Structures are given as structure tokens and as C-alpha cells.
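**Q** For reference, the file my_file-v4.txt (compact mmCIF, C-alpha atoms) is included below:
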```txt
# COMPACT_ATOMS: atom_id res chain seq x y z
CA MET V 210 -17.59 34.73 2.98
CA GLU V 211 -16.94 37.51 0.50
CA ASP V 212 -19.74 36.16 -1.69
CA GLY V 213 -22.18 36.14 1.21
CA HIS V 214 -21.57 32.54 2.23
CA GLU V 215 -21.77 31.62 5.87
CA ILE V 216 -19.40 29.13 7.49
CA THR V 217 -20.49 26.68 10.16
CA CYS V 218 -17.85 24.46 11.80
CA LEU V 219 -18.29 21.40 13.94
CA VAL V 220 -15.65 21.74 16.68
CA ARG V 221 -14.77 19.73 19.75
CA SER V 222 -15.27 22.73 22.05
CA GLU V 223 -16.39 26.28 21.37
CA GLY V 224 -14.31 29.25 22.45
CA SER V 225 -11.15 27.21 22.89
CA GLU V 226 -7.63 28.04 21.78
CA GLU V 227 -8.21 25.63 18.90
CA THR V 228 -11.05 27.72 17.43
CA TRP V 229 -9.89 31.33 17.88
CA PHE V 230 -9.09 31.68 14.17
CA LEU V 231 -12.61 30.55 13.22
CA ASP V 232 -14.07 33.22 15.48
CA GLY V 233 -11.89 35.78 13.71
CA LEU V 234 -13.37 34.73 10.37
CA GLY V 235 -16.89 35.17 11.63
CA ALA V 236 -17.61 31.46 11.37
CA GLU V 237 -20.29 29.92 13.52
CA THR V 238 -18.92 27.10 15.67
CA ILE V 239 -21.04 24.26 16.96
CA ALA V 240 -19.56 22.01 19.64
CA GLY V 241 -19.99 18.36 18.85
CA ASP V 242 -18.41 15.04 18.06
CA ILE V 243 -17.82 13.62 14.58
CA THR V 244 -18.56 10.12 15.95
CA ILE V 245 -22.08 11.12 17.02
CA PRO V 246 -24.39 11.36 13.99
CA GLU V 247 -26.71 13.86 15.69
CA SER V 248 -23.79 16.27 16.29
CA VAL V 249 -22.81 16.18 12.65
CA ALA V 250 -26.42 16.54 11.49
CA LEU V 251 -26.90 19.61 13.70
CA ALA V 252 -23.81 21.31 12.27
CA ALA V 253 -24.88 20.45 8.71
CA GLU V 254 -28.34 22.04 8.94
CA GLY V 255 -28.75 24.65 6.20
CA CYS V 256 -25.41 23.88 4.55
CA GLU V 257 -25.08 23.73 0.77
CA ALA V 258 -21.59 22.25 0.94
CA ILE V 259 -19.81 20.05 3.48
CA ILE V 260 -16.02 20.17 3.74
CA HIS V 261 -14.85 17.19 5.77
CA LEU V 262 -11.35 17.74 7.16
CA VAL V 263 -11.49 15.57 10.28
CA GLY V 264 -8.59 13.24 10.90
CA ILE V 265 -6.19 12.11 13.59
CA ILE V 266 -2.56 11.03 13.46
CA PHE V 267 -2.59 9.17 16.77
CA GLU V 268 -5.31 7.30 18.59
CA ARG V 269 -6.02 8.93 21.95
CA ARG V 270 -8.76 10.01 24.34
CA GLY V 271 -10.95 7.15 23.22
CA ALA V 272 -10.77 8.20 19.55
CA SER V 273 -9.70 5.37 17.28
CA PHE V 274 -8.75 5.63 13.61
CA GLN V 275 -11.83 3.55 12.78
CA GLN V 276 -14.14 5.85 14.75
CA ILE V 277 -12.76 9.11 13.41
CA HIS V 278 -11.72 8.30 9.84
CA VAL V 279 -14.36 5.75 8.85
CA GLU V 280 -17.41 6.30 11.04
CA GLY V 281 -16.85 10.07 11.13
CA THR V 282 -16.74 10.18 7.34
CA ARG V 283 -19.90 8.08 7.11
CA ASN V 284 -21.61 10.45 9.56
CA ALA V 285 -20.54 13.47 7.50
CA LEU V 286 -21.78 11.81 4.29
CA ALA V 287 -25.12 10.96 5.89
CA ALA V 288 -25.53 14.53 7.17
CA ALA V 289 -24.72 15.93 3.72
CA ALA V 290 -27.34 13.68 2.13
CA ARG V 291 -29.89 14.53 4.80
CA VAL V 292 -29.61 18.30 4.26
CA GLY V 293 -29.33 18.01 0.48
CA ALA V 294 -25.83 19.47 0.29
CA ARG V 295 -24.82 20.03 -3.33
CA ARG V 296 -21.13 19.40 -2.69
CA PHE V 297 -19.06 17.19 -0.39
CA VAL V 298 -15.31 17.69 -0.16
CA HIS V 299 -13.36 15.01 1.69
CA MET V 300 -9.75 15.66 2.65
CA SER V 301 -7.84 12.45 3.12
CA ALA V 302 -4.12 11.78 3.19
CA LEU V 303 -1.53 11.93 0.44
CA GLY V 304 -0.66 8.48 -0.83
CA THR V 305 -3.75 6.77 0.50
CA GLY V 306 -5.45 4.41 -1.88
CA ALA V 307 -6.80 0.88 -2.06
CA ALA V 308 -3.64 -0.32 -3.82
CA LEU V 309 -1.50 1.09 -1.00
CA ALA V 310 -3.53 -0.21 1.94
CA SER V 311 -1.29 -1.99 4.38
CA SER V 312 -1.54 -3.55 7.78
CA LEU V 313 -1.26 -0.05 9.27
CA VAL V 314 -4.59 0.74 10.89
CA ASP V 315 -4.41 4.43 9.95
CA ALA V 316 -3.82 3.74 6.25
CA SER V 317 -6.52 1.09 5.99
CA CYS V 318 -9.04 3.34 7.79
CA LYS V 319 -8.27 6.21 5.41
CA VAL V 320 -8.89 3.87 2.48
CA LEU V 321 -12.24 2.79 3.95
CA ALA V 322 -13.23 6.44 4.43
CA GLU V 323 -12.32 7.26 0.84
CA MET V 324 -14.23 4.23 -0.42
CA ALA V 325 -17.33 5.38 1.50
CA THR V 326 -17.01 8.85 -0.03
CA PHE V 327 -16.64 7.49 -3.56
CA ALA V 328 -19.54 5.07 -3.07
CA GLU V 329 -21.83 7.87 -1.85
CA ALA V 330 -20.87 9.94 -4.89
CA GLY V 331 -21.47 7.00 -7.23
CA VAL V 332 -17.86 7.06 -8.44
CA SER V 333 -16.62 3.81 -9.97
CA GLU V 334 -13.17 2.33 -9.27
CA LYS V 335 -11.91 3.56 -12.67
CA GLU V 336 -13.21 7.06 -11.99
CA GLU V 337 -11.72 6.89 -8.49
CA ASP V 338 -8.20 6.96 -9.93
CA ARG V 339 -8.94 10.19 -11.80
CA THR V 340 -10.71 11.68 -8.79
CA GLU V 341 -7.72 11.02 -6.56
CA GLN V 342 -5.60 12.93 -9.05
CA GLY V 343 -7.67 16.09 -8.85
CA ALA V 344 -10.90 15.63 -10.77
CA GLY V 345 -12.89 16.20 -7.57
CA ILE V 346 -16.25 14.89 -6.54
```
Kindly present the structure from the file in C-alpha cells form.

**A**
Amino acid sequence: MEDGHEITCLVRSEGSEETWFLDGLGAETIAGDITIPESVALAAEGCEAIIHLVGIIFERRGASFQQIHVEGTRNALAAAARVGARRFVHMSALGTGAALASSLVDASCKVLAEMATFAEAGVSEKEEDRTEQGAGI
């Protein structure tokens, strides 16, 4: 924001206790749902960069790991492509990787989300190892 950048955040509900700190930063908040492509597209309008931090630790309120981690990531990637964002940053989970995928639904969904991100960026499996260690997309 110091360099004149504006911040727009997709949030579950505007003006809630969960978003007070965003208001303090001067960020614009747009209420929506990561599982609804139109919500994500609306929040992405005019953005040069998308920072995707959405994730859940427990399934609840009708939000499954598959819906949030995989479909949500795909929706964010599609929105970034649609608006021509120059950068997409995807925050996953430490220790997640195809080699570590297990029968745990959360871990396997995180792997699928990462794979979608790497595929969209055109990153090969060999490059993926370097990217996971900090090269960035």
C-alpha cells in the first residue's frame, strides 16, 4: 500500500470480527465464497496479483477439503487468468507434496491444489521440487 497498491480481499462476510484488521489497513473487502467462481472473479477484477491463502483445518458448515482446497484453488487460478494477473501466489501447507500424499483427505487435497497451481504456471515436476523450496511461481 505504501507504493500505491490497493488491496482487495474476498471474505466470507464484510464488517465482521474476522475482517477488522483488513479495514484498518484500508483494504477493500468483498463478501463472497471461494467455492463460487463468480465470487472469486468479482474480487479479482482489476487485480495485478492474486494471493491465495484460503484453507481449512477441519471440514464444517458444508465446506469440505475438496471444495475449499482444490476447487477454491482452481477458481482462484481461473480468476487470475481471466483478469490477466501477472502473479499468483498460492500458500499451501508445510510438508505437502505428491511424494507425501497419504490417505488423509486434507493432505491429498492440498497436493491436488498445488498440482493445479503448478500446471497453470506451466511448471514441470522437476521444477516443482525447486519451487516448493522457495523459487516461487

**Q** I need the residue nearest Thr217 in chain V from this list: V:Pro246, V:Gly281, V:Gly255, V:Gly233. Use only C-alpha atoms for the distance.

**A**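 Among the listed residues, V:Gly255 lies closest to Thr217 in chain V.
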
**Q** Given all atoms listed in the file as the basis, pick out the residue of V:Leu219, V:Ala330, V:Val263, V:Gly235 nearest to Arg296 in chain V.

**A**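 Of V:Leu219, V:Ala330, V:Val263, V:Gly235, the one nearest Arg296 in chain V, counting all atoms listed in the file, is V:Ala330.
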
**Q** Which polymer residues have any atom within 12 Å of an atom of Ile243 in chain V, counting only C-alpha atoms, with same-chain residues fewer than 6 positions away left out, as a PyMOL selection string?

**A** chain V and resi 218-221+249-253+261-265+272-273+275-288

**Q** How far is it from CA of Arg295 in chain V to CA of Ala258 in chain V, in Å with one decimal?

**A**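 Those two atoms sit 5.8 Å apart.
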
**Q** Could you check how far CA of Ala236 in chain V sits from CA of Glu223 in chain V, in Å to one decimal?

**A**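 Separation of CA of Ala236 in chain V and CA of Glu223 in chain V: 11.3 Å.
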
**Q** To one decimal in Å, tell me the separation between CA of Glu237 in chain V and CA of Ile216 in chain V.

**A**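 Straight-line distance from CA of Glu237 in chain V to CA of Ile216 in chain V works out to 6.1 Å.
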
**Q** Go through V:Gly213, V:Ile259, V:Val332, V:Glu226 and flag the residue nearest Met300 in chain V, using only C-alpha atoms for the distances.

**A**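 Smallest separation from Met300 in chain V among the options: V:Ile259.
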
**Q** Identify which of the residues V:Leu231, V:Val298, V:Cys256, V:Ile245 lies closest to Glu329 in chain V, counting all atoms listed in the file when measuring atom-to-atom distances.

**A**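 So, comparing all the options, the nearest one is V:Val298.
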